[in-house]
>>> print(open('input.cif').read())   # mmCIF, C-alpha atoms and all ligand atoms
data_target
loop_
_atom_site.label_atom_id
_atom_site.label_comp_id
_atom_site.auth_asym_id
_atom_site.auth_seq_id
_atom_site.Cartn_x
_atom_site.Cartn_y
_atom_site.Cartn_z
CA MET H 1484 -36.01 22.00 -84.28
CA LYS H 1485 -35.53 22.39 -80.52
CA PRO H 1486 -36.95 25.69 -79.20
CA THR H 1487 -34.66 28.03 -77.28
CA ARG H 1488 -35.89 29.26 -73.93
CA THR H 1489 -35.36 32.72 -72.47
CA GLN H 1490 -37.17 34.98 -70.03
CA VAL H 1491 -37.78 38.01 -72.28
CA GLY H 1492 -37.85 37.84 -76.09
CA ILE H 1493 -36.99 41.24 -77.52
CA VAL H 1494 -37.78 42.15 -81.14
CA GLY H 1495 -35.52 44.93 -82.49
CA ALA H 1496 -31.96 46.02 -81.75
CA GLY H 1497 -32.56 49.76 -81.78
CA PRO H 1498 -32.06 51.92 -78.69
CA ALA H 1499 -35.20 50.49 -77.01
CA GLY H 1500 -34.34 46.80 -77.49
CA LEU H 1501 -30.66 47.08 -76.64
CA VAL H 1502 -31.12 49.30 -73.56
CA LEU H 1503 -33.83 46.93 -72.30
CA SER H 1504 -31.67 43.87 -72.83
CA HIS H 1505 -28.76 45.44 -70.97
CA LEU H 1506 -30.90 46.71 -68.09
CA LEU H 1507 -32.42 43.24 -67.68
CA HIS H 1508 -29.00 41.60 -67.77
CA ARG H 1509 -27.87 43.85 -64.93
CA GLU H 1510 -30.78 42.50 -62.87
CA GLY H 1511 -29.92 38.90 -63.74
CA ILE H 1512 -32.84 38.55 -66.19
CA GLU H 1513 -32.13 36.74 -69.48
CA SER H 1514 -33.21 37.98 -72.88
CA ILE H 1515 -32.62 37.31 -76.57
CA VAL H 1516 -32.73 40.18 -79.07
CA LEU H 1517 -33.91 39.43 -82.63
CA GLU H 1518 -32.95 42.00 -85.27
CA SER H 1519 -33.85 41.85 -88.95
CA LYS H 1520 -30.86 43.92 -90.16
CA SER H 1521 -27.13 43.19 -90.01
CA ARG H 1522 -24.90 44.44 -87.21
CA GLN H 1523 -23.11 46.76 -89.64
CA TYR H 1524 -26.38 48.27 -90.85
CA CYS H 1525 -27.53 48.97 -87.27
CA GLU H 1526 -24.19 50.52 -86.37
CA GLU H 1527 -24.08 52.81 -89.40
CA ARG H 1528 -27.70 53.99 -89.62
CA ILE H 1529 -27.59 57.77 -89.06
CA ARG H 1530 -30.51 59.04 -87.00
CA ALA H 1531 -30.86 60.95 -83.75
CA GLY H 1532 -28.16 63.07 -82.20
CA VAL H 1533 -29.42 64.71 -79.02
CA LEU H 1534 -29.45 62.93 -75.65
CA GLU H 1535 -31.40 64.34 -72.71
CA TRP H 1536 -29.60 64.48 -69.36
CA GLY H 1537 -31.74 61.58 -68.05
CA THR H 1538 -30.72 59.38 -71.01
CA VAL H 1539 -27.06 60.27 -70.43
CA ASP H 1540 -27.38 59.46 -66.72
CA LEU H 1541 -28.98 56.11 -67.46
CA LEU H 1542 -26.35 55.11 -70.05
CA ASN H 1543 -23.64 56.02 -67.53
CA GLN H 1544 -25.32 54.04 -64.74
CA MET H 1545 -25.60 51.06 -67.10
CA GLY H 1546 -21.83 51.15 -67.66
CA VAL H 1547 -22.04 52.01 -71.37
CA GLY H 1548 -21.16 55.72 -71.11
CA GLU H 1549 -17.35 55.64 -71.35
CA ARG H 1550 -16.98 56.66 -74.99
CA MET H 1551 -19.97 59.03 -74.75
CA LYS H 1552 -18.19 60.84 -71.88
CA ARG H 1553 -15.05 61.17 -74.02
CA GLU H 1554 -16.55 61.96 -77.41
CA GLY H 1555 -20.03 63.36 -76.70
CA LEU H 1556 -20.42 67.15 -76.95
CA VAL H 1557 -22.05 68.64 -73.87
CA HIS H 1558 -24.23 71.65 -74.78
CA TYR H 1559 -25.61 74.16 -72.31
CA GLY H 1560 -27.95 75.89 -74.74
CA ILE H 1561 -29.41 76.15 -78.24
CA GLU H 1562 -29.96 79.08 -80.54
CA LEU H 1563 -33.26 80.09 -82.06
CA ARG H 1564 -32.67 82.13 -85.21
CA PHE H 1565 -35.37 84.19 -86.89
CA ALA H 1566 -35.61 87.51 -88.73
CA GLY H 1567 -31.87 87.14 -89.37
CA ARG H 1568 -30.91 87.23 -85.68
CA GLY H 1569 -29.91 84.58 -83.16
CA HIS H 1570 -31.28 84.27 -79.61
CA ARG H 1571 -29.69 81.86 -77.16
CA ILE H 1572 -31.76 79.69 -74.82
CA ASP H 1573 -29.44 79.13 -71.88
CA PHE H 1574 -30.23 75.67 -70.46
CA LYS H 1575 -27.74 75.94 -67.64
CA ASP H 1576 -29.17 79.17 -66.34
CA LEU H 1577 -32.80 78.14 -66.92
CA THR H 1578 -32.67 74.51 -65.74
CA GLY H 1579 -29.18 73.76 -64.40
CA ARG H 1580 -29.02 70.95 -66.97
CA ALA H 1581 -27.38 70.19 -70.31
CA ILE H 1582 -27.89 67.92 -73.32
CA THR H 1583 -25.25 65.75 -74.99
CA VAL H 1584 -24.79 65.57 -78.74
CA TYR H 1585 -23.73 61.99 -79.50
CA GLY H 1586 -24.98 60.08 -82.54
CA GLN H 1587 -27.61 57.37 -82.09
CA HIS H 1588 -25.39 54.98 -84.11
CA GLU H 1589 -22.59 55.56 -81.59
CA VAL H 1590 -24.98 54.69 -78.74
CA ILE H 1591 -25.93 51.55 -80.70
CA LYS H 1592 -22.27 50.57 -81.18
CA ASP H 1593 -21.59 50.98 -77.46
CA LEU H 1594 -24.66 48.94 -76.50
CA ILE H 1595 -23.97 46.11 -78.95
CA GLN H 1596 -20.39 45.90 -77.74
CA ALA H 1597 -21.49 45.82 -74.08
CA ARG H 1598 -24.16 43.17 -74.74
CA LEU H 1599 -21.75 40.92 -76.62
CA ALA H 1600 -18.99 41.39 -74.03
CA ASP H 1601 -21.46 40.08 -71.40
CA GLN H 1602 -22.35 37.07 -73.60
CA GLY H 1603 -25.71 38.72 -74.44
CA GLN H 1604 -27.54 37.13 -77.35
CA ILE H 1605 -28.38 39.32 -80.33
CA VAL H 1606 -29.50 37.49 -83.45
CA PHE H 1607 -28.85 39.75 -86.44
CA GLU H 1608 -30.46 39.17 -89.85
CA ALA H 1609 -33.39 37.27 -88.34
CA GLU H 1610 -35.94 36.75 -91.12
CA ASP H 1611 -39.71 36.54 -90.99
CA VAL H 1612 -40.04 37.23 -87.25
CA ARG H 1613 -43.49 36.26 -85.89
CA VAL H 1614 -44.75 36.89 -82.36
CA GLN H 1615 -47.26 34.31 -81.11
CA ALA H 1616 -49.32 33.27 -78.07
CA PHE H 1617 -48.68 36.51 -76.18
CA ASP H 1618 -52.23 36.37 -74.83
CA THR H 1619 -51.17 33.24 -72.90
CA PRO H 1620 -48.49 32.79 -70.18
CA ARG H 1621 -46.21 31.10 -72.78
CA PRO H 1622 -45.46 33.48 -75.64
CA LYS H 1623 -43.33 32.33 -78.58
CA ILE H 1624 -41.32 34.01 -81.26
CA GLN H 1625 -40.65 32.27 -84.54
CA TYR H 1626 -38.04 33.40 -87.05
CA ALA H 1627 -35.75 32.06 -89.73
CA LEU H 1628 -32.00 32.22 -89.87
CA SER H 1629 -30.43 31.49 -93.25
CA GLY H 1630 -33.72 29.86 -94.19
CA ASN H 1631 -33.93 27.61 -91.09
CA VAL H 1632 -36.96 28.14 -88.89
CA GLN H 1633 -36.19 28.70 -85.18
CA GLU H 1634 -38.41 29.20 -82.15
CA ILE H 1635 -37.95 31.02 -78.86
CA HIS H 1636 -40.17 30.30 -75.86
CA CYS H 1637 -40.32 33.13 -73.35
CA ASP H 1638 -42.32 34.63 -70.48
CA PHE H 1639 -42.72 38.07 -72.09
CA ILE H 1640 -42.21 39.73 -75.47
CA ALA H 1641 -40.90 43.27 -75.81
CA GLY H 1642 -41.91 44.81 -79.15
CA CYS H 1643 -39.01 47.22 -79.72
CA ASP H 1644 -39.13 46.91 -83.51
CA GLY H 1645 -39.82 50.49 -84.50
CA PHE H 1646 -42.72 52.02 -86.38
CA HIS H 1647 -42.64 49.51 -89.28
CA GLY H 1648 -42.13 46.42 -87.11
CA VAL H 1649 -44.27 43.30 -86.74
CA CYS H 1650 -45.25 43.45 -83.06
CA ARG H 1651 -47.85 46.23 -83.10
CA PRO H 1652 -49.70 44.86 -86.17
CA SER H 1653 -49.78 41.39 -84.52
CA ILE H 1654 -52.10 42.64 -81.77
CA PRO H 1655 -55.69 41.68 -82.67
CA SER H 1656 -57.73 44.50 -84.14
CA GLY H 1657 -59.99 46.39 -81.75
CA ILE H 1658 -57.46 46.38 -78.88
CA LEU H 1659 -55.36 49.42 -79.76
CA THR H 1660 -56.49 52.95 -80.46
CA ALA H 1661 -54.16 54.95 -82.69
CA TYR H 1662 -53.86 58.74 -82.53
CA GLU H 1663 -52.08 60.30 -85.47
CA ARG H 1664 -51.14 63.55 -87.17
CA ILE H 1665 -49.22 63.63 -90.43
CA TYR H 1666 -47.46 66.89 -91.29
CA PRO H 1667 -47.49 68.37 -94.80
CA PHE H 1668 -43.67 68.65 -94.82
CA GLY H 1669 -40.53 66.58 -94.26
CA TRP H 1670 -36.83 67.08 -93.54
CA LEU H 1671 -34.02 66.76 -96.02
CA GLY H 1672 -31.02 65.85 -93.85
CA ILE H 1673 -27.34 65.82 -94.76
CA LEU H 1674 -24.17 64.79 -93.03
CA ALA H 1675 -21.23 66.91 -94.20
CA GLU H 1676 -17.51 66.76 -93.73
CA ALA H 1677 -17.29 70.31 -92.44
CA ALA H 1678 -16.53 71.76 -89.04
CA PRO H 1679 -19.71 72.92 -87.27
CA SER H 1680 -20.26 76.63 -87.83
CA SER H 1681 -21.46 77.25 -84.31
CA GLU H 1682 -20.77 75.53 -81.00
CA GLU H 1683 -24.47 74.90 -80.40
CA LEU H 1684 -27.49 73.74 -82.37
CA ILE H 1685 -29.32 76.40 -84.36
CA TYR H 1686 -33.05 76.09 -85.03
CA ALA H 1687 -33.93 78.60 -87.77
CA TYR H 1688 -37.37 79.87 -88.73
CA HIS H 1689 -37.24 81.44 -92.20
CA GLU H 1690 -39.76 82.51 -94.81
CA ARG H 1691 -38.36 79.79 -97.12
CA GLY H 1692 -38.84 77.15 -94.42
CA PHE H 1693 -37.23 75.68 -91.32
CA ALA H 1694 -33.52 74.77 -91.14
CA LEU H 1695 -31.44 73.13 -88.42
CA HIS H 1696 -27.72 73.21 -87.82
CA SER H 1697 -26.49 70.30 -85.71
CA MET H 1698 -23.30 68.27 -85.55
CA ARG H 1699 -21.75 64.93 -84.77
CA SER H 1700 -18.14 65.84 -83.99
CA PRO H 1701 -15.73 68.78 -84.32
CA LYS H 1702 -15.31 67.78 -87.99
CA ILE H 1703 -18.82 66.66 -88.99
CA THR H 1704 -21.91 68.85 -89.39
CA ARG H 1705 -25.48 67.54 -89.51
CA LEU H 1706 -27.96 69.85 -91.27
CA TYR H 1707 -31.66 69.68 -92.08
CA LEU H 1708 -34.02 71.65 -94.35
CA GLN H 1709 -37.80 71.69 -94.34
CA CYS H 1710 -38.95 70.15 -97.66
CA GLY H 1711 -41.97 68.40 -99.15
CA PRO H 1712 -43.15 65.25 -97.33
CA GLU H 1713 -42.04 63.02 -100.19
CA GLU H 1714 -39.35 65.19 -101.69
CA ASP H 1715 -37.33 63.56 -104.46
CA LEU H 1716 -33.61 63.80 -103.68
CA ALA H 1717 -32.94 63.93 -107.41
CA ASN H 1718 -34.21 67.53 -107.28
CA TRP H 1719 -31.57 68.43 -104.72
CA PRO H 1720 -28.04 68.50 -106.12
CA ASP H 1721 -25.44 69.36 -103.48
CA ALA H 1722 -25.02 72.98 -104.65
CA LYS H 1723 -28.76 73.62 -104.26
CA ILE H 1724 -28.77 72.14 -100.74
CA TRP H 1725 -25.92 74.40 -99.68
CA SER H 1726 -27.40 77.54 -101.19
CA GLU H 1727 -30.74 76.85 -99.50
CA LEU H 1728 -29.05 76.19 -96.16
CA GLN H 1729 -27.00 79.39 -96.52
CA ARG H 1730 -30.16 81.42 -97.07
CA ARG H 1731 -32.24 79.91 -94.31
CA LEU H 1732 -29.50 79.87 -91.71
CA ALA H 1733 -28.13 83.35 -92.53
CA GLY H 1734 -27.42 85.15 -89.28
CA GLY H 1735 -25.63 88.45 -89.72
CA LYS H 1736 -22.41 89.46 -91.45
CA GLU H 1737 -19.92 87.70 -89.17
CA TRP H 1738 -21.63 84.32 -89.33
CA LYS H 1739 -20.82 81.89 -92.12
CA LEU H 1740 -22.03 78.32 -92.69
CA ASN H 1741 -19.05 76.05 -93.36
CA GLU H 1742 -19.49 73.78 -96.36
CA GLY H 1743 -17.81 70.48 -97.23
CA PRO H 1744 -18.34 67.17 -99.03
CA ILE H 1745 -21.80 65.69 -98.37
CA LEU H 1746 -21.33 62.22 -96.91
CA GLN H 1747 -24.96 61.21 -96.71
CA LYS H 1748 -28.39 62.61 -97.55
CA GLY H 1749 -31.95 61.49 -96.97
CA VAL H 1750 -35.56 62.64 -96.62
CA THR H 1751 -37.67 61.93 -93.52
CA GLY H 1752 -41.43 62.37 -93.31
CA MET H 1753 -42.91 63.85 -90.16
CA ARG H 1754 -45.64 62.37 -88.04
CA SER H 1755 -47.00 62.29 -84.53
CA PHE H 1756 -48.41 58.88 -83.60
CA VAL H 1757 -49.41 57.08 -80.39
CA VAL H 1758 -51.14 53.78 -79.71
CA GLU H 1759 -52.98 53.15 -76.50
CA PRO H 1760 -52.51 50.95 -74.59
CA MET H 1761 -48.86 50.01 -75.12
CA GLN H 1762 -49.38 46.44 -73.91
CA TYR H 1763 -51.52 43.43 -74.65
CA GLY H 1764 -51.31 40.22 -72.67
CA ARG H 1765 -47.62 39.44 -72.27
CA MET H 1766 -46.41 41.70 -75.06
CA PHE H 1767 -45.21 45.24 -74.33
CA LEU H 1768 -44.55 47.84 -77.05
CA ALA H 1769 -41.73 50.31 -76.47
CA GLY H 1770 -40.20 53.21 -78.40
CA ASP H 1771 -41.15 53.89 -82.02
CA ALA H 1772 -43.22 50.67 -82.11
CA ALA H 1773 -45.72 52.49 -79.89
CA HIS H 1774 -45.21 56.16 -80.76
CA ILE H 1775 -43.52 58.52 -83.19
CA VAL H 1776 -42.71 62.17 -82.66
CA PRO H 1777 -41.63 64.66 -85.33
CA PRO H 1778 -37.86 65.16 -84.89
CA THR H 1779 -38.00 68.90 -84.11
CA GLY H 1780 -37.88 68.38 -80.33
CA ALA H 1781 -35.12 65.70 -80.61
CA LYS H 1782 -37.16 63.32 -78.48
CA GLY H 1783 -37.67 59.93 -80.22
CA LEU H 1784 -34.62 58.12 -78.90
CA ASN H 1785 -35.03 59.62 -75.45
CA LEU H 1786 -38.66 58.52 -75.26
CA ALA H 1787 -37.71 54.99 -76.34
CA VAL H 1788 -35.18 54.83 -73.49
CA ALA H 1789 -37.71 56.21 -70.98
CA ASP H 1790 -40.22 53.44 -71.95
CA VAL H 1791 -37.81 50.56 -71.48
CA ARG H 1792 -36.61 51.94 -68.17
CA VAL H 1793 -40.20 51.54 -66.91
CA LEU H 1794 -40.51 48.11 -68.53
CA ALA H 1795 -37.26 46.86 -66.98
CA ARG H 1796 -38.48 47.95 -63.53
CA GLY H 1797 -41.78 46.12 -64.04
CA LEU H 1798 -40.04 42.94 -65.19
CA LYS H 1799 -37.61 43.12 -62.28
CA GLU H 1800 -40.54 43.38 -59.85
CA PHE H 1801 -42.18 40.38 -61.50
CA TYR H 1802 -39.09 38.15 -61.35
CA PHE H 1803 -38.18 39.17 -57.81
CA SER H 1804 -41.61 39.14 -56.17
CA GLY H 1805 -44.05 37.55 -58.64
CA SER H 1806 -46.08 40.77 -58.64
CA THR H 1807 -47.42 42.18 -61.90
CA ALA H 1808 -48.50 45.45 -60.25
CA LEU H 1809 -45.96 47.59 -62.09
CA LEU H 1810 -46.23 45.68 -65.39
CA ASP H 1811 -49.99 46.18 -65.29
CA ARG H 1812 -49.40 49.95 -65.08
CA TYR H 1813 -46.72 50.00 -67.82
CA SER H 1814 -48.92 51.80 -70.39
CA GLU H 1815 -50.34 54.25 -67.91
CA ILE H 1816 -46.89 55.26 -66.61
CA CYS H 1817 -45.32 55.53 -70.08
CA LEU H 1818 -48.23 57.30 -71.76
CA ARG H 1819 -48.13 60.18 -69.32
CA ARG H 1820 -44.61 61.05 -70.49
CA VAL H 1821 -45.40 60.13 -74.11
CA TRP H 1822 -48.22 62.68 -74.31
CA ARG H 1823 -46.19 65.43 -72.66
CA VAL H 1824 -43.39 64.79 -75.15
CA GLN H 1825 -45.90 64.60 -78.02
CA ARG H 1826 -47.20 68.01 -77.02
CA PHE H 1827 -43.71 69.51 -76.91
CA SER H 1828 -42.63 67.96 -80.24
CA TRP H 1829 -45.83 69.11 -81.96
CA TRP H 1830 -45.37 72.61 -80.52
CA MET H 1831 -41.70 72.93 -81.61
CA THR H 1832 -42.69 71.66 -85.06
CA SER H 1833 -45.62 74.06 -85.45
CA LEU H 1834 -43.58 76.97 -84.16
CA LEU H 1835 -40.59 76.55 -86.45
CA HIS H 1836 -41.97 75.28 -89.76
CA ARG H 1837 -43.40 77.38 -92.50
CA HIS H 1838 -47.10 76.66 -92.99
CA GLU H 1839 -48.18 77.24 -96.56
CA GLY H 1840 -51.01 79.50 -97.40
CA ASN H 1841 -51.77 81.70 -94.41
CA PRO H 1842 -49.66 84.82 -93.80
CA PHE H 1843 -51.41 85.16 -90.42
CA ASP H 1844 -49.50 82.10 -89.22
CA ASP H 1845 -46.18 83.68 -90.19
CA ARG H 1846 -46.85 86.81 -88.11
CA ARG H 1847 -48.17 84.71 -85.21
CA GLN H 1848 -45.07 82.48 -85.26
CA LEU H 1849 -42.74 85.48 -85.29
CA ALA H 1850 -44.66 86.93 -82.33
CA GLU H 1851 -44.36 83.64 -80.49
CA LEU H 1852 -40.62 83.44 -81.16
CA ASP H 1853 -40.26 87.03 -79.97
CA TYR H 1854 -42.15 86.20 -76.76
CA LEU H 1855 -40.22 82.98 -76.27
CA THR H 1856 -36.85 84.67 -76.48
CA SER H 1857 -37.77 87.70 -74.37
CA SER H 1858 -39.73 86.07 -71.52
CA ARG H 1859 -37.83 84.04 -68.93
CA ALA H 1860 -40.95 82.01 -68.15
CA ALA H 1861 -41.43 81.06 -71.82
CA SER H 1862 -37.72 80.28 -72.35
CA GLN H 1863 -37.72 78.16 -69.22
CA SER H 1864 -40.66 76.12 -70.42
CA LEU H 1865 -38.85 75.34 -73.68
CA ALA H 1866 -35.59 74.61 -71.84
CA GLU H 1867 -37.03 72.20 -69.27
CA ASN H 1868 -38.78 70.19 -71.96
CA TYR H 1869 -35.77 70.20 -74.29
CA VAL H 1870 -33.24 68.98 -71.71
CA GLY H 1871 -35.80 66.36 -70.68
CA LEU H 1872 -38.50 66.13 -68.02
CA PRO H 1873 -37.44 64.07 -64.99
CA LEU H 1874 -37.79 60.30 -65.50
CA ASP H 1875 -40.59 58.55 -63.58
P1 LIG C 1901 -35.65 51.83 -83.93
O1 LIG C 1901 -34.40 52.63 -83.71
O2 LIG C 1901 -36.41 52.05 -85.18
O3 LIG C 1901 -35.25 50.31 -83.79
C1 LIG C 1901 -36.09 49.26 -84.18
C2 LIG C 1901 -35.25 48.10 -84.65
O4 LIG C 1901 -36.10 47.02 -84.96
C3 LIG C 1901 -34.45 48.41 -85.90
O5 LIG C 1901 -33.11 48.06 -85.72
C4 LIG C 1901 -35.14 47.58 -86.98
O6 LIG C 1901 -34.22 47.15 -87.98
C5 LIG C 1901 -35.67 46.41 -86.17
N1 LIG C 1901 -36.82 45.75 -86.77
C6 LIG C 1901 -37.85 46.30 -87.46
N2 LIG C 1901 -38.72 45.35 -87.84
C7 LIG C 1901 -38.23 44.19 -87.39
C8 LIG C 1901 -38.68 42.84 -87.48
N3 LIG C 1901 -39.80 42.54 -88.13
N4 LIG C 1901 -37.95 41.88 -86.90
C9 LIG C 1901 -36.80 42.19 -86.23
N5 LIG C 1901 -36.32 43.44 -86.12
C10 LIG C 1901 -37.03 44.42 -86.69
N6 LIG C 1901 -34.66 61.06 -81.64
C11 LIG C 1901 -34.06 61.76 -80.65
O7 LIG C 1901 -34.26 61.41 -79.47
N7 LIG C 1901 -33.22 62.82 -80.88
C12 LIG C 1901 -32.96 63.23 -82.16
O8 LIG C 1901 -32.15 64.14 -82.33
C13 LIG C 1901 -33.60 62.54 -83.24
N8 LIG C 1901 -33.37 62.88 -84.51
C14 LIG C 1901 -33.85 62.09 -85.52
C15 LIG C 1901 -33.54 62.43 -86.81
C16 LIG C 1901 -34.01 61.64 -87.84
C17 LIG C 1901 -33.65 62.01 -89.28
C18 LIG C 1901 -34.81 60.47 -87.59
C19 LIG C 1901 -35.31 59.58 -88.71
C20 LIG C 1901 -35.14 60.15 -86.31
C21 LIG C 1901 -34.67 60.95 -85.26
N9 LIG C 1901 -34.98 60.64 -83.94
C22 LIG C 1901 -34.45 61.41 -82.93
C23 LIG C 1901 -35.85 59.51 -83.63
C24 LIG C 1901 -35.09 58.27 -83.19
O9 LIG C 1901 -34.11 57.93 -84.15
C25 LIG C 1901 -36.07 57.11 -82.96
O10 LIG C 1901 -37.13 57.55 -82.17
C26 LIG C 1901 -35.38 55.92 -82.27
O11 LIG C 1901 -34.55 55.25 -83.20
C27 LIG C 1901 -36.40 54.94 -81.70
O12 LIG C 1901 -35.75 53.80 -81.19
P2 LIG C 1901 -36.45 52.37 -81.21
O13 LIG C 1901 -35.47 51.44 -80.60
O14 LIG C 1901 -37.80 52.48 -80.64
O15 LIG C 1901 -36.68 52.05 -82.74
C1 LIG C 1902 -29.59 65.72 -85.06
O1 LIG C 1902 -28.47 66.13 -84.70
O2 LIG C 1902 -29.73 64.77 -85.83
C2 LIG C 1902 -30.82 66.39 -84.56
C3 LIG C 1902 -30.70 67.41 -83.63
C4 LIG C 1902 -31.83 68.04 -83.16
C5 LIG C 1902 -33.07 67.66 -83.62
C6 LIG C 1902 -33.19 66.63 -84.54
C7 LIG C 1902 -32.05 65.98 -85.02
O3 LIG C 1902 -34.17 68.30 -83.17
#
>>> encode(input="input.cif", output="structure tokens", more="lines below")
Ligand code: FAD
Ligand code: PHB
Amino acid sequence: MKPTRTQVGIVGAGPAGLVLSHLLHREGIESIVLESKSRQYCEERIRAGVLEWGTVDLLNQMGVGERMKREGLVHYGIELRFAGRGHRIDFKDLTGRAITVYGQHEVIKDLIQARLADQGQIVFEAEDVRVQAFDTPRPKIQYALSGNVQEIHCDFIAGCDGFHGVCRPSIPSGILTAYERIYPFGWLGILAEAAPSSEELIYAYHERGFALHSMRSPKITRLYLQCGPEEDLANWPDAKIWSELQRRLAGGKEWKLNEGPILQKGVTGMRSFVVEPMQYGRMFLAGDAAHIVPPTGAKGLNLAVADVRVLARGLKEFYFSGSTALLDRYSEICLRRVWRVQRFSWWMTSLLHRHEGNPFDDRRQLAELDYLTSSRAASQSLAENYVGLPLD
């Protein structure tokens, strides 16, 4: 077996891995992306939906924003709904910015297409990926393809393989410190063939639990319900999901939640997680491989993109000048944003979910929502974090 040589070996073809590969390509730096799943699986996996303005800008600058510009839904606000009433947070007025609702799987399709059109190498269905010798100047990645073992020799490894990937656990013990919080609830999410019932996202706080109304297109609604952390979907026939959503999202006589066939349903657990540092030797962790946020702030994908933007700049500096100054500061630069986003995601989660057992919390949360929607300063703080803090 003759090893293949590349400059950067990237593990994972999620948003982090694909954005990194494309950014590097635009700087003339070669990479190979190894992905354990099939192309179809990656392109159909339903996950995030909200893009910060900085993510949108970057995708446009990278030349992969054409379809997003045509099909993405630009939103200038969100609604917070509680005590049966809606309150709009006006992003345009408060920040001058907007977010774009465009499915993560659509971003993935656009990136895969752009990489392949530029002869980029993505190896799908790579089995048994192993990262090796990243504490030396000659890292290696071993994997199998249809049972045949292959090897890549590279200068750097980017661990973009998500929370359950192999890169983070391959770092020797004692190097990383993990910070974690696991929440005692999860989200039951559905994708429904129904026109969205409101032009903007609705985050609802209700005595029966949190609910979220989002969308993917003018014909497809995405909805979530707070549920148990390991809720069994068997306990949730479609009719029960709709009746629960109707109750939690209720917002006055004129408002009605449109229903339709459920195309997909799933349960997601909620956690906050960070490892420090995000690098060891010549391996750099990016995106969910290094940190997880609960989805309430809609930040995971955006944070993954922010990481690899920093990494691509560091690698560019290395290949153009030989300096590792920026690469050496990769963790420090990324972690500053990571912790600010962790704080925001934790805060949105605590604010909007029902915490069992203490009625004090319910009154406190209602008071906070009341303050948030009646104080410009408080609304502005939410808005500037939601649309996305400026990129470093
Ligand atoms: P991933 O997307 O997880 O990509 C990692 C890739 O690595 C995967 O393709 C995986 O198959 C591959 N891989 C794993 N192990 C290996 C291996 N051993 N070898 C090779 N390949 C491997 N974020 C937002 O910003 N906005 C939202 O609105 C939002 N909503 C969400 C809703 C839900 C229900 C969920 C679950 C998540 C949501 N997120 C949201 C989070 C967002 O989806 C993730 O943060 C994002 O996918 C992280 O990108 P990534 O590239 O780091 O990791
Ligand atoms: C989504 O549309 O999937 C979505 C929107 C907002 C969130 C989380 C998920 O906070």
>>> residues_around(input="input.cif", residues="H:Val1547", least_positions_apart="3", cutoff="8 Å", atoms="all atoms listed in the file", output="JSON, numbers by chain")
{"H": [1542, 1543, 1544, 1550, 1593, 1594, 1597]}
>>> residues_near_point(input="input.cif", point="(-39.1, 47.4, -62.2)", cutoff="12 Å", atoms="all atoms listed in the file", output="number ranges by chain")
H: 1503, 1506-1507, 1510, 1512, 1790-1813, 1816, 1875
>>> residues_near_ligand(input="input.cif", ligand="ligand LIG 1902 (chain C)", cutoff="6 Å", atoms="only C-alpha atoms and all ligand atoms", output="list in words")
Arg1530, Ala1531, Gly1532, Val1533, Ser1697, Met1698, Arg1705, Pro1778, Thr1779, Gly1780 and Ala1781 of chain H
>>> closest_residue(input="input.cif", among="H:His1505, H:Arg1765, H:Lys1520, H:Lys1592", to="ligand LIG 1901 (chain C)", atoms="only C-alpha atoms and all ligand atoms")
H:Lys1520
>>> atom_distance(input="input.cif", atom1="atom CA of H:Thr1619", atom2="atom CA of H:Pro1652")
17.7 Å
>>> residues_near_ligand(input="input.cif", ligand="ligand LIG 1901 (chain C)", cutoff="7 Å", atoms="all atoms listed in the file", output="VMD selection string")
chain H and resid 1494 to 1500 1517 to 1520 1525 1530 to 1534 1587 1609 to 1612 1643 to 1649 1672 1751 1769 to 1772 1775 1778 1781 to 1787
>>> closest_residue(input="input.cif", among="H:Tyr1666, H:Tyr1869, H:Tyr1854, H:Tyr1688", to="H:Phe1827", atoms="all atoms listed in the file")
H:Tyr1869
>>> atom_distance(input="input.cif", atom1="atom CA of H:Ser1680", atom2="atom CA of H:Gly1579")
25.2 Å
>>> atom_distance(input="input.cif", atom1="atom CA of H:Leu1835", atom2="atom CA of H:Glu1527")
29.1 Å
>>> axis_aligned_box(input="input.cif", around="stretch 1828-1840 of chain H", padding_each_side="3 Å", output="JSON")
{"center_x": -45.8, "center_y": 73.7, "center_z": -88.8, "size_x": 16.4, "size_y": 17.5, "size_z": 23.2}
>>> closest_residue(input="input.cif", among="H:Arg1651, H:Arg1509, H:Arg1522, H:Arg1488", to="H:Leu1768", atoms="only C-alpha atoms")
H:Arg1651
>>> residues_around(input="input.cif", residues="H:Trp1738", least_positions_apart="4", cutoff="9 Å", atoms="all atoms listed in the file", output="list of chain:residue names")
H:Ser1680, H:Ser1681, H:Ala1733, H:Gly1734
>>> write_last_selection(input="input.cif", atoms="C-alpha atoms", output="short mmCIF file (atom, residue, chain, number, x, y, z; two decimals), in the coordinates of the input")
data_model
loop_
_atom_site.label_atom_id
_atom_site.label_comp_id
_atom_site.auth_asym_id
_atom_site.auth_seq_id
_atom_site.Cartn_x
_atom_site.Cartn_y
_atom_site.Cartn_z
CA SER H 1680 -20.26 76.63 -87.83
CA SER H 1681 -21.46 77.25 -84.31
CA ALA H 1733 -28.13 83.35 -92.53
CA GLY H 1734 -27.42 85.15 -89.28
#
>>> residues_around(input="input.cif", residues="H:Leu1659", least_positions_apart="3", cutoff="10 Å", atoms="all atoms listed in the file", output="list in words")
Arg1651, Pro1652, Ile1654, Pro1655, Ser1656, Tyr1662, Val1757, Val1758, Glu1759, Pro1760, Met1761, Gln1762 and Tyr1763 of chain H
